[in-house]
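S.K.: I have a structure I would like to understand better, so I am pasting it below and will then ask my questions one at a time.
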Amino acid sequence: MKVLVTGGTGYIGSHTVVELQKKGYEVVIIDNLSNSTKDVIYSIEKITGVLPEFHQFDLCDEKLTKDFFLKNKGIAGVIHFAAFKAVGESVEQPSKYYKNNLGSLINLMSYMNETQVKNLVFSSSCTVYGQPDVLPVNENAPFKKAFSPYGHTKQICEEIIEQTGKIFGFKTIALRYFNPIGAHESALIGEFPIGIPNNLIPFITQTAIGKRDYIRVFGKDYDTPDGTCIRDYIHVVDLALAHIIAFERMLNNKTKSSCEVFNLGTGNGFSVLEVINTFEKVSGIKLNYKIVDRRAGDIEKVWANTQFANEELGWNAKRGLDVMMLSAWKWEMALKEKVRKLFN
Ligand code: WQD
């Protein structure tokens, strides 16, 4: 069974490719390597023993996308990760985000439809909720005004998928991630931010390894127990496993509507300071941090109501914050060792 994974050399994509291959699926990756490197496919091969088929091109290129689907028959479905995903960057470069995130999806669905590929799992995000009025937030919560062009593209993509998917007769599932963190237990794949990390966890591990002097905690005056923002952090492997379940739900005709949506979180919220304290506990390393001003675009607190995914998908997150932080730390140490070997 052939599965197309777009963005398959990226952080969540690569972990999903590993789990697909472990279940015996033949995986084909499309990635333009704008935010990842080709050697990820060799790391995947080290973990699973299988080198995924890899095609490097941009899904915004309509001709290349069309040629791919005309030449690659027998695809059972698509898991679509390929998109830009940095909130801050999307505020600085909105057109880049709308063009890329919307354009790639539109091309993908057009040529899926032309070649009878009718199953689509979409990588969405809890950012579609904005700051929910009710916590934990469930899938019926309304889309509030997006806090960033990135979040807005996820809202628009979900609506394109719902409308176009119905017309094309697709089965589609949108998975709304909360905060994916951590790395595969092998420490062979993980989050690999290029440049200064936007996200909290890579900034923590890079501070711990000595690449950064200290962590800036963006605000301690929020309406939360310790004043810092709260997020629902989920292990990237738990997230990857949910994609397999969603994909098989479509293959086995278990979907109950043409467009289903599921929250993928743990249902637990942790503050920035709790995350920092957990890292210090599992690593034995004291972290330098400074409380600074709030970051524009941050919502105060969000965590998932996971009941629908738990009951309908029969899935729940199994890895706790300790495991998430330790796996992120092991990955950071492995990266340092890899760089040392490259230059010695
Ligand atoms: C987490 C918390 C920051 C960095 C992002 C994406 C979102 C989704 C999940 C894909 C916030 C604080 C951060 C730092 C800090 N991705 N922080 N110092 O913004 O919740 O969401 O990941 O689906 O689309 O936007 O994640 O890790 O940037 O921030 O204090 O150096 O950590 O204020 O409260 P975020 P994050």
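Naming works like this for the structure tokens: A, B, ... for the chains as they're shown, residue 1 at the start of each chain, ligands 1 onward in shown order.
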Within 9 Å of ligand 1 (counting only C-alpha atoms and all ligand atoms), which residues show up? I'd like them as JSON, numbers by chain.

M.R.: {"A": [85, 86, 87, 88, 123, 124, 125, 126, 127, 128, 148, 150, 151, 154, 176, 177, 178, 179, 180, 181, 197, 198, 199, 200, 201, 202, 203, 204, 215, 216, 217, 218, 219, 228, 229, 230, 231, 232, 233, 271, 272, 273, 275, 291, 292, 294, 295, 296, 297, 298, 299, 300, 301, 302]}

S.K.: Write out the residues from the selection above, keeping C-alpha atoms, as an mmCIF file, in the first residue's frame.

M.R.:
```cif
data_model
loop_
_atom_site.group_PDB
_atom_site.id
_atom_site.type_symbol
_atom_site.label_atom_id
_atom_site.label_comp_id
_atom_site.auth_asym_id
_atom_site.auth_seq_id
_atom_site.Cartn_x
_atom_site.Cartn_y
_atom_site.Cartn_z
ATOM 1 C CA LYS A 85 4.679 26.878 10.297
ATOM 2 C CA ALA A 86 6.465 29.637 12.210
ATOM 3 C CA VAL A 87 3.964 32.050 13.739
ATOM 4 C CA GLY A 88 6.462 34.893 14.116
ATOM 5 C CA SER A 123 -1.832 18.652 9.311
ATOM 6 C CA SER A 124 -3.793 21.350 11.096
ATOM 7 C CA SER A 125 -3.204 23.181 14.362
ATOM 8 C CA CYS A 126 -4.846 24.315 17.579
ATOM 9 C CA THR A 127 -4.009 27.835 16.432
ATOM 10 C CA VAL A 128 -7.278 27.705 14.459
ATOM 11 C CA SER A 148 -1.325 35.259 12.862
ATOM 12 C CA TYR A 150 0.020 31.131 9.908
ATOM 13 C CA GLY A 151 -3.057 30.352 12.014
ATOM 14 C CA LYS A 154 -4.694 26.695 8.728
ATOM 15 C CA ARG A 176 -5.366 19.748 15.013
ATOM 16 C CA TYR A 177 -2.010 19.473 16.790
ATOM 17 C CA PHE A 178 -1.401 21.180 20.076
ATOM 18 C CA ASN A 179 2.317 21.615 20.832
ATOM 19 C CA PRO A 180 4.378 18.811 19.266
ATOM 20 C CA ILE A 181 7.723 18.309 21.090
ATOM 21 C CA PRO A 197 14.579 28.542 17.325
ATOM 22 C CA ASN A 198 11.111 30.091 17.541
ATOM 23 C CA ASN A 199 9.763 27.290 19.711
ATOM 24 C CA LEU A 200 10.348 26.821 23.430
ATOM 25 C CA ILE A 201 11.736 23.278 23.563
ATOM 26 C CA PRO A 202 14.586 23.619 21.058
ATOM 27 C CA PHE A 203 15.503 26.885 22.771
ATOM 28 C CA ILE A 204 15.640 25.042 26.107
ATOM 29 C CA ILE A 215 16.030 31.417 27.720
ATOM 30 C CA ARG A 216 13.730 34.412 27.416
ATOM 31 C CA VAL A 217 10.437 33.639 29.147
ATOM 32 C CA PHE A 218 7.892 35.699 27.227
ATOM 33 C CA GLY A 219 5.837 37.216 30.016
ATOM 34 C CA THR A 228 3.456 32.190 32.338
ATOM 35 C CA CYS A 229 1.580 30.843 29.315
ATOM 36 C CA ILE A 230 0.091 27.361 29.362
ATOM 37 C CA ARG A 231 0.239 24.899 26.446
ATOM 38 C CA ASP A 232 -0.713 21.256 25.807
ATOM 39 C CA TYR A 233 2.617 19.613 24.870
ATOM 40 C CA SER A 271 3.213 26.503 31.939
ATOM 41 C CA VAL A 272 6.540 27.676 30.543
ATOM 42 C CA LEU A 273 8.102 27.569 34.024
ATOM 43 C CA VAL A 275 8.350 22.931 31.376
ATOM 44 C CA ILE A 291 11.504 36.968 32.333
ATOM 45 C CA VAL A 292 11.016 39.400 29.432
ATOM 46 C CA ARG A 294 5.176 39.092 26.278
ATOM 47 C CA ARG A 295 5.631 37.869 22.654
ATOM 48 C CA ALA A 296 3.180 39.360 20.156
ATOM 49 C CA GLY A 297 0.687 36.780 18.918
ATOM 50 C CA ASP A 298 0.912 34.478 21.932
ATOM 51 C CA ILE A 299 -2.339 33.239 23.353
ATOM 52 C CA GLU A 300 -2.515 32.921 27.136
ATOM 53 C CA LYS A 301 -3.550 29.313 27.653
ATOM 54 C CA VAL A 302 -4.825 26.376 25.647
#
```

S.K.: Using only C-alpha atoms, find each residue in stretch 141-251 of chain A having at least one atom no more than 9 Å away from stretch 103-115 of chain A; report its shortest atom-to-atom pair and that distance in Å (one decimal), rows by chain then rising number, as JSON lines.

M.R.:
```
{"residue": "A:Cys157", "atom": "CA", "partner": "A:Leu105", "partner_atom": "CA", "distance": 7.3}
{"residue": "A:Ile160", "atom": "CA", "partner": "A:Ile106", "partner_atom": "CA", "distance": 8.1}
{"residue": "A:Ile161", "atom": "CA", "partner": "A:Met109", "partner_atom": "CA", "distance": 8.3}
{"residue": "A:Thr164", "atom": "CA", "partner": "A:Met109", "partner_atom": "CA", "distance": 8.0}
{"residue": "A:Gly165", "atom": "CA", "partner": "A:Met109", "partner_atom": "CA", "distance": 8.1}
{"residue": "A:Phe168", "atom": "CA", "partner": "A:Asn113", "partner_atom": "CA", "distance": 6.4}
{"residue": "A:Gly169", "atom": "CA", "partner": "A:Asn113", "partner_atom": "CA", "distance": 8.7}
{"residue": "A:Phe170", "atom": "CA", "partner": "A:Asn113", "partner_atom": "CA", "distance": 8.2}
```

S.K.: Find the residues around A:Leu59 up to 10 Å (only C-alpha atoms counted), leave out those fewer than 3 positions away in its own chain, and share them as a list in words.

M.R.: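 Counting only C-alpha atoms, the residues come to Thr6, Gly7, Ile30, Asp31, Asn32, Gln56, Glu62, Lys63, Leu64, Thr65, Lys66, Phe68, Ala82, Ala83, Asn100, Asn101, Gly103, Ser104, Leu105, Ile106, Asn107 and Leu108 of chain A.
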
S.K.: Using DSSP on the backbone, list every residue of stretch 93-144 of chain A that comes out as alpha helix (DSSP H), and give them as a list in words.

M.R.: Pro94, Ser95, Lys96, Tyr97, Tyr98, Lys99, Asn100, Asn101, Leu102, Gly103, Ser104, Leu105, Ile106, Asn107, Leu108, Met109, Ser110, Tyr111, Met112, Asn113 and Glu114 of chain A

S.K.: Please produce an output containing N, CA, C and O atoms for each residue in the selection, written as an mmCIF file, in the first residue's frame.

M.R.:
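What follows is the written file selection-v9.cif:
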```cif
data_model
loop_
_atom_site.group_PDB
_atom_site.id
_atom_site.type_symbol
_atom_site.label_atom_id
_atom_site.label_comp_id
_atom_site.auth_asym_id
_atom_site.auth_seq_id
_atom_site.Cartn_x
_atom_site.Cartn_y
_atom_site.Cartn_z
ATOM 1 N N PRO A 94 3.703 37.651 5.560
ATOM 2 C CA PRO A 94 2.377 37.050 5.368
ATOM 3 C C PRO A 94 2.164 36.481 3.961
ATOM 4 O O PRO A 94 1.647 35.362 3.825
ATOM 5 N N SER A 95 2.598 37.195 2.906
ATOM 6 C CA SER A 95 2.312 36.719 1.532
ATOM 7 C C SER A 95 2.969 35.369 1.283
ATOM 8 O O SER A 95 2.394 34.477 0.658
ATOM 9 N N LYS A 96 4.186 35.217 1.808
ATOM 10 C CA LYS A 96 4.903 33.933 1.652
ATOM 11 C C LYS A 96 4.069 32.800 2.237
ATOM 12 O O LYS A 96 3.963 31.713 1.644
ATOM 13 N N TYR A 97 3.429 33.068 3.371
ATOM 14 C CA TYR A 97 2.635 32.023 4.035
ATOM 15 C C TYR A 97 1.343 31.722 3.270
ATOM 16 O O TYR A 97 1.004 30.563 3.020
ATOM 17 N N TYR A 98 0.632 32.769 2.840
ATOM 18 C CA TYR A 98 -0.626 32.506 2.120
ATOM 19 C C TYR A 98 -0.342 31.797 0.801
ATOM 20 O O TYR A 98 -0.968 30.803 0.454
ATOM 21 N N LYS A 99 0.675 32.291 0.069
ATOM 22 C CA LYS A 99 0.999 31.681 -1.236
ATOM 23 C C LYS A 99 1.360 30.208 -1.063
ATOM 24 O O LYS A 99 0.846 29.330 -1.742
ATOM 25 N N ASN A 100 2.263 29.950 -0.123
ATOM 26 C CA ASN A 100 2.783 28.583 0.022
ATOM 27 C C ASN A 100 1.754 27.625 0.621
ATOM 28 O O ASN A 100 1.469 26.559 0.061
ATOM 29 N N ASN A 101 1.172 28.011 1.729
ATOM 30 C CA ASN A 101 0.309 27.053 2.444
ATOM 31 C C ASN A 101 -0.991 26.789 1.695
ATOM 32 O O ASN A 101 -1.494 25.669 1.690
ATOM 33 N N LEU A 102 -1.514 27.815 1.039
ATOM 34 C CA LEU A 102 -2.754 27.627 0.276
ATOM 35 C C LEU A 102 -2.462 27.044 -1.106
ATOM 36 O O LEU A 102 -3.113 26.100 -1.558
ATOM 37 N N GLY A 103 -1.434 27.592 -1.783
ATOM 38 C CA GLY A 103 -1.115 27.152 -3.147
ATOM 39 C C GLY A 103 -0.759 25.681 -3.220
ATOM 40 O O GLY A 103 -1.241 24.946 -4.104
ATOM 41 N N SER A 104 0.030 25.240 -2.238
ATOM 42 C CA SER A 104 0.461 23.823 -2.271
ATOM 43 C C SER A 104 -0.738 22.905 -2.054
ATOM 44 O O SER A 104 -0.877 21.881 -2.735
ATOM 45 N N LEU A 105 -1.631 23.299 -1.150
ATOM 46 C CA LEU A 105 -2.814 22.450 -0.895
ATOM 47 C C LEU A 105 -3.713 22.384 -2.132
ATOM 48 O O LEU A 105 -4.207 21.316 -2.506
ATOM 49 N N ILE A 106 -3.928 23.531 -2.774
ATOM 50 C CA ILE A 106 -4.829 23.572 -3.939
ATOM 51 C C ILE A 106 -4.278 22.701 -5.072
ATOM 52 O O ILE A 106 -4.994 21.883 -5.656
ATOM 53 N N ASN A 107 -2.981 22.806 -5.339
ATOM 54 C CA ASN A 107 -2.382 21.947 -6.378
ATOM 55 C C ASN A 107 -2.497 20.475 -6.005
ATOM 56 O O ASN A 107 -2.862 19.619 -6.821
ATOM 57 N N LEU A 108 -2.191 20.212 -4.732
ATOM 58 C CA LEU A 108 -2.217 18.800 -4.273
ATOM 59 C C LEU A 108 -3.604 18.208 -4.495
ATOM 60 O O LEU A 108 -3.748 17.144 -5.114
ATOM 61 N N MET A 109 -4.638 18.902 -4.047
ATOM 62 C CA MET A 109 -5.999 18.338 -4.154
ATOM 63 C C MET A 109 -6.432 18.229 -5.612
ATOM 64 O O MET A 109 -7.095 17.255 -6.000
ATOM 65 N N SER A 110 -6.038 19.178 -6.439
ATOM 66 C CA SER A 110 -6.437 19.136 -7.868
ATOM 67 C C SER A 110 -5.915 17.876 -8.542
ATOM 68 O O SER A 110 -6.654 17.158 -9.228
ATOM 69 N N TYR A 111 -4.627 17.573 -8.289
ATOM 70 C CA TYR A 111 -4.039 16.440 -9.008
ATOM 71 C C TYR A 111 -4.256 15.106 -8.299
ATOM 72 O O TYR A 111 -4.186 14.048 -8.915
ATOM 73 N N MET A 112 -4.598 15.160 -7.029
ATOM 74 C CA MET A 112 -5.136 13.950 -6.382
ATOM 75 C C MET A 112 -6.440 13.590 -7.080
ATOM 76 O O MET A 112 -6.659 12.456 -7.495
ATOM 77 N N ASN A 113 -7.279 14.609 -7.259
ATOM 78 C CA ASN A 113 -8.589 14.361 -7.857
ATOM 79 C C ASN A 113 -8.460 13.840 -9.289
ATOM 80 O O ASN A 113 -9.128 12.887 -9.688
ATOM 81 N N GLU A 114 -7.520 14.457 -10.053
ATOM 82 C CA GLU A 114 -7.356 14.043 -11.467
ATOM 83 C C GLU A 114 -6.884 12.611 -11.601
ATOM 84 O O GLU A 114 -7.094 11.960 -12.628
#
```

S.K.: I need the residue nearest A:Ala328 from this list: A:Glu191, A:Glu260, A:Asp213, A:Asp293. Use only C-alpha atoms for the distance.

M.R.: A:Glu191

S.K.: Give me, as a PyMOL selection string, all polymer residues having an atom no more than 8 Å from A:Cys259, counting only C-alpha atoms and skipping those fewer than 2 positions away in the same chain.

M.R.: chain A and resi 161-162+165-166+171-174+257+261

S.K.: Pick the closest to A:Phe84 from A:Asn263, A:Thr48, A:Thr278, A:Asn35: which is it, counting only C-alpha atoms?

M.R.: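 Closest candidate: A:Asn35.
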
S.K.: Find the residues near A:Lys23: any atom within 9 Å, counting only C-alpha atoms, skip ones fewer than 4 places away on the same chain, and give them as a count of residues only.

M.R.: 3

S.K.: Just asking: which residues within stretch 145-266 of chain A are strand (DSSP E or B) according to DSSP, as a PDB file with N, CA and C atoms, in the first residue's frame?

M.R.:
```pdb
ATOM      1  N   LYS A 171     -12.403  11.477   1.086  1.00  0.00           N
ATOM      2  CA  LYS A 171     -12.487  11.312   2.548  1.00  0.00           C
ATOM      3  C   LYS A 171     -11.340  12.173   3.111  1.00  0.00           C
ATOM      4  N   THR A 172     -11.661  13.084   4.021  1.00  0.00           N
ATOM      5  CA  THR A 172     -10.581  13.920   4.586  1.00  0.00           C
ATOM      6  C   THR A 172     -10.666  13.940   6.106  1.00  0.00           C
ATOM      7  N   ILE A 173      -9.472  13.990   6.728  1.00  0.00           N
ATOM      8  CA  ILE A 173      -9.399  14.126   8.187  1.00  0.00           C
ATOM      9  C   ILE A 173      -8.390  15.214   8.510  1.00  0.00           C
ATOM     10  N   ALA A 174      -8.810  16.234   9.251  1.00  0.00           N
ATOM     11  CA  ALA A 174      -7.891  17.293   9.695  1.00  0.00           C
ATOM     12  C   ALA A 174      -7.509  16.999  11.147  1.00  0.00           C
ATOM     13  N   LEU A 175      -6.205  16.971  11.392  1.00  0.00           N
ATOM     14  CA  LEU A 175      -5.710  16.700  12.753  1.00  0.00           C
ATOM     15  C   LEU A 175      -5.163  17.998  13.334  1.00  0.00           C
ATOM     16  N   ARG A 176      -5.781  18.491  14.389  1.00  0.00           N
ATOM     17  CA  ARG A 176      -5.366  19.748  15.013  1.00  0.00           C
ATOM     18  C   ARG A 176      -4.369  19.453  16.134  1.00  0.00           C
ATOM     19  N   TYR A 177      -3.077  19.751  15.815  1.00  0.00           N
ATOM     20  CA  TYR A 177      -2.010  19.473  16.790  1.00  0.00           C
ATOM     21  C   TYR A 177      -2.010  20.550  17.852  1.00  0.00           C
ATOM     22  N   ASN A 179       0.888  21.258  21.001  1.00  0.00           N
ATOM     23  CA  ASN A 179       2.317  21.615  20.832  1.00  0.00           C
ATOM     24  C   ASN A 179       3.205  20.386  20.691  1.00  0.00           C
ATOM     25  N   PRO A 180       3.554  20.005  19.465  1.00  0.00           N
ATOM     26  CA  PRO A 180       4.378  18.811  19.266  1.00  0.00           C
ATOM     27  C   PRO A 180       5.804  19.054  19.755  1.00  0.00           C
ATOM     28  N   ILE A 181       6.332  18.154  20.582  1.00  0.00           N
ATOM     29  CA  ILE A 181       7.723  18.309  21.090  1.00  0.00           C
ATOM     30  C   ILE A 181       8.345  16.929  21.239  1.00  0.00           C
ATOM     31  N   ILE A 215      17.367  31.478  28.309  1.00  0.00           N
ATOM     32  CA  ILE A 215      16.030  31.417  27.720  1.00  0.00           C
ATOM     33  C   ILE A 215      15.273  32.693  28.083  1.00  0.00           C
ATOM     34  N   ARG A 216      14.617  33.294  27.098  1.00  0.00           N
ATOM     35  CA  ARG A 216      13.730  34.412  27.416  1.00  0.00           C
ATOM     36  C   ARG A 216      12.337  33.825  27.659  1.00  0.00           C
ATOM     37  N   VAL A 217      11.806  34.085  28.856  1.00  0.00           N
ATOM     38  CA  VAL A 217      10.437  33.639  29.147  1.00  0.00           C
ATOM     39  C   VAL A 217       9.520  34.804  28.783  1.00  0.00           C
ATOM     40  N   PHE A 218       8.677  34.592  27.774  1.00  0.00           N
ATOM     41  CA  PHE A 218       7.892  35.699  27.227  1.00  0.00           C
ATOM     42  C   PHE A 218       6.673  36.008  28.103  1.00  0.00           C
ATOM     43  N   ILE A 230       0.322  28.805  29.239  1.00  0.00           N
ATOM     44  CA  ILE A 230       0.091  27.361  29.362  1.00  0.00           C
ATOM     45  C   ILE A 230      -0.191  26.769  27.980  1.00  0.00           C
ATOM     46  N   ARG A 231       0.440  25.611  27.703  1.00  0.00           N
ATOM     47  CA  ARG A 231       0.239  24.899  26.446  1.00  0.00           C
ATOM     48  C   ARG A 231       0.070  23.405  26.723  1.00  0.00           C
ATOM     49  N   TYR A 233       1.471  20.184  25.595  1.00  0.00           N
ATOM     50  CA  TYR A 233       2.617  19.613  24.870  1.00  0.00           C
ATOM     51  C   TYR A 233       2.364  18.127  24.636  1.00  0.00           C
ATOM     52  N   ILE A 234       2.592  17.694  23.378  1.00  0.00           N
ATOM     53  CA  ILE A 234       2.345  16.293  23.032  1.00  0.00           C
ATOM     54  C   ILE A 234       3.586  15.720  22.359  1.00  0.00           C
ATOM     55  N   HIS A 235       3.928  14.470  22.722  1.00  0.00           N
ATOM     56  CA  HIS A 235       5.134  13.843  22.157  1.00  0.00           C
ATOM     57  C   HIS A 235       4.922  13.597  20.659  1.00  0.00           C
ATOM     58  N   CYS A 259     -15.580  15.028   5.938  1.00  0.00           N
ATOM     59  CA  CYS A 259     -14.492  15.847   6.498  1.00  0.00           C
ATOM     60  C   CYS A 259     -14.549  15.759   8.020  1.00  0.00           C
ATOM     61  N   GLU A 260     -13.640  14.984   8.609  1.00  0.00           N
ATOM     62  CA  GLU A 260     -13.612  14.834  10.069  1.00  0.00           C
ATOM     63  C   GLU A 260     -12.460  15.653  10.649  1.00  0.00           C
ATOM     64  N   VAL A 261     -12.627  16.078  11.900  1.00  0.00           N
ATOM     65  CA  VAL A 261     -11.599  16.889  12.568  1.00  0.00           C
ATOM     66  C   VAL A 261     -11.353  16.325  13.966  1.00  0.00           C
ATOM     67  N   PHE A 262     -10.057  16.208  14.334  1.00  0.00           N
ATOM     68  CA  PHE A 262      -9.737  15.693  15.670  1.00  0.00           C
ATOM     69  C   PHE A 262      -8.655  16.543  16.336  1.00  0.00           C
ATOM     70  N   ASN A 263      -8.821  16.793  17.626  1.00  0.00           N
ATOM     71  CA  ASN A 263      -7.762  17.418  18.427  1.00  0.00           C
ATOM     72  C   ASN A 263      -6.723  16.371  18.775  1.00  0.00           C
ATOM     73  N   LEU A 264      -5.451  16.709  18.605  1.00  0.00           N
ATOM     74  CA  LEU A 264      -4.389  15.793  19.049  1.00  0.00           C
ATOM     75  C   LEU A 264      -3.569  16.505  20.134  1.00  0.00           C
TER      76      LEU A 264
END
```

S.K.: From the set A:Asn316, A:Thr205, A:Arg212, A:Phe57, which residue has the shortest atom-to-atom contact distance to A:Val237, counting only C-alpha atoms?

M.R.: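 Checking each candidate against A:Val237, we get A:Asn316 as the closest.
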
S.K.: Check the smallest atom-to-atom distance from each of A:Leu20, A:Leu4, A:Ile194, A:Ile156 to A:Leu33 using only C-alpha atoms, then report the winner.

M.R.: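 Of all the options, A:Ile194 lies closest to A:Leu33.
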
S.K.: At what distance in Å, to one decimal, does atom CA of A:Gly195 lie from atom CA of A:Lys290?

M.R.: 20.7 Å

S.K.: Rounded to one decimal place, report the atom CA of A:Leu326-atom CA of A:Lys46 distance in Å.

M.R.: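 Between atom CA of A:Leu326 and atom CA of A:Lys46 the gap works out to 21.2 Å.
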